[in-house]
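A.B. asks: Shown below is the structure under consideration.
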Amino acid sequence: MDLNGVRTFVAVVDAGQFQDAAAALSITQQAVSKRIATLEKELEVRLFARTARGAQLTIDGQAFLPHARELLRVAERADASVRPGRRALRVDVHSRRTAPAVLLQDFHRTHPRIELDVVTLDADVHAAIAAVEAGTVDVTFHAVPVPARQLPDAIRTARVIDEHHEILVGPRHALANARAVTPAQLAEHRIWMPGMAAGTEWASYYDELAAAFGLTIDRVGPVFGNEALLAEIADSAELATLAGERTRYLWPDSYDLRRIPVRDPAPVYPMSLIWRDDNPHPALGKLRDHLSASRVDVPDEEVWMPKWGQRSAPGS
């Protein structure tokens with residue numbers, strides 16, 4: 001069904017006259033008449049009866065009117081769902097517990113009128129970049145372990161998060177009362193991170209971290225979820241796990257878990273914002289500006305990051 005004809009029909013109803021509807025639509029009265037005639041031919045009914053008082057709806061016109069208005073509302077919603085600036089900015093955060101989700105929530109508080117569609121693709125960096133390239137999402141957050149020249153031509157990245165680590169232990173663990181720990185101290189303890197998928201950028205990061213400091217990172221064991229992981233750590237004198245300092249965990253007070261910063265050097269997981277350079281969504285620039293302004297640099301602190309993380313300076 002021709003939406004121009006439907007729109008013209010509703011305009012005539014609202015105006016009461018073909019001439020007034022033509023003025024409202026910025027077309028000629030002849031064009032209005034032609035559109036209405038075409039619509040009536042398509043529907044095989046008369047929609048208007050012309051009287052001295054103007055265009056009056058027939059019984060069929062009265063029956064068609066609510067459906068015509070709904071057609072126009074649906075068309076407007078369909079247009080808004082894809083038009084940059086009118087649809088929500090679609091952002092992939094991989095996990096709603098980690099630093100990107102925390103920063104997005106802060107962005108939303110700062111810009112409450114910007115609509116966000118936050119999704120979790122549960123994908124590694126290569127699959128996430130493919131989603132950005134295809135337009136499935138507008139942006140994603142990931143570590144980028146490959147040089148820029150190996151990325152698709154349309155893809156742009158900017159390092160926006162340097163996530164420091166904390167060790168998470170139970171009250172009976174040997175490190176439970178430490179105010180901070182070093183990577184050298186962690187080499188004496190088992191770090192349990194079950195279910196880490198091989199071949200992902202985070203697995204590559206932890207492999208390099210373990211090799212650099214002689215850490216034992218145990219990936220063995222089924223994944224029963226964060227609640228089960230926290231319960232196991234709380235009840236153990238040996239288990240520990242690594243978490244980003246802005247990763248959100250909740251547990252019962254009875255667990256008495258401890259989050260202890262890792263320092264001297266501080267391992268840093270570098271994450272980038274990834275987007276298409278031809279994406280016209282106006283909220284994208286505001287998000288990039290917000291993330292750039294939110295960066296916190298600690299110039300005097302000794303840090304460690306993987307070799308691939310050193311290739312790109314923040315914001316490059």
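Labels used: A, B, ... for chains in the order of the structure tokens, numbers from 1 for residues in each chain, and numbers from 1 for ligands as shown.
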Got a sec: who's within 8 Å of Leu47 of chain A, counting only C-alpha atoms, leaving out chain neighbours fewer than 6 positions off, as a ChimeraX atom specification?

C.D. replies: /A:40,57-62

A.B. asks: Can you tell me, as a count of residues only, which residues in segment 28-220 of chain A count as strand (DSSP E or B) by DSSP?

C.D. replies: 42

A.B. asks: Need the shell around Gly54 of chain A: protein/DNA/RNA residues with any atom at most 8 Å away, counting only C-alpha atoms. Skip same-chain ones fewer than 4 positions apart. Format as a list in words?

C.D. replies: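 So the residues in contact are Gly16, Gln17, Phe18 and Arg50 of chain A.
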
A.B. asks: Residues as selected, all heavy atoms, written as an mmCIF file, in the first residue's frame, can you do that?

C.D. replies:
```
data_model
loop_
_atom_site.group_PDB
_atom_site.id
_atom_site.type_symbol
_atom_site.label_atom_id
_atom_site.label_comp_id
_atom_site.auth_asym_id
_atom_site.auth_seq_id
_atom_site.Cartn_x
_atom_site.Cartn_y
_atom_site.Cartn_z
ATOM 1 N N GLY A 16 -10.322 18.499 6.378
ATOM 2 C CA GLY A 16 -11.733 18.626 6.011
ATOM 3 C C GLY A 16 -11.962 19.051 4.576
ATOM 4 O O GLY A 16 -13.095 19.010 4.095
ATOM 5 N N GLN A 17 -10.927 19.484 3.877
ATOM 6 C CA GLN A 17 -11.021 19.942 2.498
ATOM 7 C C GLN A 17 -9.817 19.439 1.722
ATOM 8 O O GLN A 17 -8.704 19.400 2.247
ATOM 9 C CB GLN A 17 -11.032 21.476 2.431
ATOM 10 C CG GLN A 17 -12.179 22.151 3.145
ATOM 11 C CD GLN A 17 -13.426 22.234 2.273
ATOM 12 O OE1 GLN A 17 -13.401 21.847 1.097
ATOM 13 N NE2 GLN A 17 -14.518 22.732 2.841
ATOM 14 N N PHE A 18 -10.020 19.090 0.445
ATOM 15 C CA PHE A 18 -8.902 18.682 -0.398
ATOM 16 C C PHE A 18 -7.911 19.836 -0.553
ATOM 17 O O PHE A 18 -6.690 19.649 -0.537
ATOM 18 C CB PHE A 18 -9.421 18.244 -1.769
ATOM 19 C CG PHE A 18 -9.891 16.811 -1.812
ATOM 20 C CD1 PHE A 18 -10.678 16.285 -0.793
ATOM 21 C CD2 PHE A 18 -9.541 15.991 -2.872
ATOM 22 C CE1 PHE A 18 -11.118 14.973 -0.831
ATOM 23 C CE2 PHE A 18 -9.967 14.666 -2.919
ATOM 24 C CZ PHE A 18 -10.759 14.156 -1.897
ATOM 25 N N ARG A 50 -18.004 14.043 -1.503
ATOM 26 C CA ARG A 50 -17.836 15.497 -1.563
ATOM 27 C C ARG A 50 -19.193 16.166 -1.340
ATOM 28 O O ARG A 50 -20.153 15.845 -2.022
ATOM 29 C CB ARG A 50 -17.250 15.917 -2.896
ATOM 30 C CG ARG A 50 -15.830 15.389 -3.120
ATOM 31 C CD ARG A 50 -15.188 16.114 -4.267
ATOM 32 N NE ARG A 50 -13.876 15.593 -4.585
ATOM 33 C CZ ARG A 50 -12.847 16.349 -4.915
ATOM 34 N NH1 ARG A 50 -12.970 17.663 -4.938
ATOM 35 N NH2 ARG A 50 -11.692 15.806 -5.219
#
```

A.B. asks: Take atom CA of Leu175 of chain A and atom CA of Arg259 of chain A and report the distance between them in Å, one decimal.

C.D. replies: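 Going from atom CA of Leu175 of chain A over to atom CA of Arg259 of chain A covers 10.2 Å.
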
A.B. asks: Using only C-alpha atoms, which residues sit within 10 Å of segment 225-231 of chain A once same-chain residues fewer than 5 positions away are excluded, as a list in words?

C.D. replies: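 With the cut-off at 10 Å, the set is Leu168, Val169, Gly170, Trp192, Met193, Pro194, Gly195, Ser236, Leu239, Ala240, Thr241, Tyr249, Leu250, Trp251, Pro252, Tyr255 and Leu257 of chain A.
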
A.B. asks: Could you go through segment 132-304 of chain A and tell me which residues DSSP, when run on the backbone, assigns to alpha helix (DSSP H), listing them as a ChimeraX atom specification?

C.D. replies: /A:132-134,183-186,201-213,226-234,282-294

A.B. asks: Skipping near chain neighbours, those fewer than 5 positions away, what residues fall within 9 Å of Asp20 of chain A using only C-alpha atoms, listed as a count of residues only?

C.D. replies: 5

A.B. asks: Which one is closest to Ala234 of chain A: A:Thr216, A:Thr200, A:Thr140, A:Ser254? Count only C-alpha atoms.

C.D. replies: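 Going through A:Thr216, A:Thr200, A:Thr140, A:Ser254 one by one, the smallest distance to Ala234 of chain A is for A:Ser254.
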
A.B. asks: From the options A:Asp138, A:Gly5, A:Pro282, A:Ala55, which residue's atoms come nearest to Ala37 of chain A, counting only C-alpha atoms?

C.D. replies: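 Of A:Asp138, A:Gly5, A:Pro282, A:Ala55, the one nearest Ala37 of chain A is A:Gly5, counting only C-alpha atoms.
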
A.B. asks: Check the smallest atom-to-atom distance from each of A:Gly309, A:Pro112, A:Gly214, A:Pro152 to Ser272 of chain A using only C-alpha atoms, then report the winner.

C.D. replies: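 Between A:Gly309, A:Pro112, A:Gly214, A:Pro152, the residue approaching Ser272 of chain A most closely is A:Gly309.
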
A.B. asks: Rank nothing, just name the residue among A:Ala68, A:Ile161, A:Val125, A:Ile27 nearest to Asp92 of chain A, using only C-alpha atoms.

C.D. replies: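 That would be A:Val125, the residue with the smallest distance to Asp92 of chain A.
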
A.B. asks: Just the residues within 8 Å of Pro306 of chain A, please, counting only C-alpha atoms, with nothing from its chain fewer than 2 positions along; format it as a JSON list (two decimals) with N, CA and C atoms, in the first residue's frame.

C.D. replies:
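Contents of selection29.json, freshly written:
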```
[["chain", "number", "residue", "atom", "x", "y", "z"],
["A", 205, "TYR", "N", 46.12, -12.38, 26.57],
["A", 205, "TYR", "CA", 46.64, -11.47, 27.59],
["A", 205, "TYR", "C", 47.11, -12.24, 28.82],
["A", 208, "GLU", "N", 50.34, -14.20, 28.34],
["A", 208, "GLU", "CA", 51.53, -13.36, 28.38],
["A", 208, "GLU", "C", 51.83, -12.90, 29.81],
["A", 209, "LEU", "N", 50.78, -12.59, 30.56],
["A", 209, "LEU", "CA", 50.96, -12.19, 31.95],
["A", 209, "LEU", "C", 51.56, -13.32, 32.77],
["A", 304, "TRP", "N", 52.56, -2.86, 33.91],
["A", 304, "TRP", "CA", 52.92, -3.88, 32.93],
["A", 304, "TRP", "C", 51.73, -4.08, 32.03],
["A", 308, "TRP", "N", 51.51, -6.36, 22.69],
["A", 308, "TRP", "CA", 50.58, -5.80, 21.71],
["A", 308, "TRP", "C", 49.83, -4.59, 22.27],
["A", 309, "GLY", "N", 49.72, -4.47, 23.59],
["A", 309, "GLY", "CA", 49.09, -3.32, 24.18],
["A", 309, "GLY", "C", 49.94, -2.08, 24.14],
["A", 310, "GLN", "N", 51.25, -2.26, 23.99],
["A", 310, "GLN", "CA", 52.18, -1.13, 23.95],
["A", 310, "GLN", "C", 52.26, -0.49, 22.57]]
```

A.B. asks: Quick one: of A:Ser204, A:Gln19, A:Ser26, A:Asn279, who's nearest to Val146 of chain A, counting only C-alpha atoms?

C.D. replies: A:Ser204

A.B. asks: Which is closest to Val223 of chain A among A:Leu242, A:Ala197, A:Ala176, A:Ile129, if we use only C-alpha atoms?

C.D. replies: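 The shortest atom-to-atom distance to Val223 of chain A comes from A:Ala197.
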
A.B. asks: Please measure the separation of atom CA of Leu284 of chain A and atom CA of Arg109 of chain A, giving the value in Å to one decimal.

C.D. replies: 15.9 Å

A.B. asks: Could you tell me how far atom CA of Ala158 of chain A lies from atom CA of Ala212 of chain A, in Å and to one decimal?

C.D. replies: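 Atom-to-atom, atom CA of Ala158 of chain A to atom CA of Ala212 of chain A, that is 25.8 Å.
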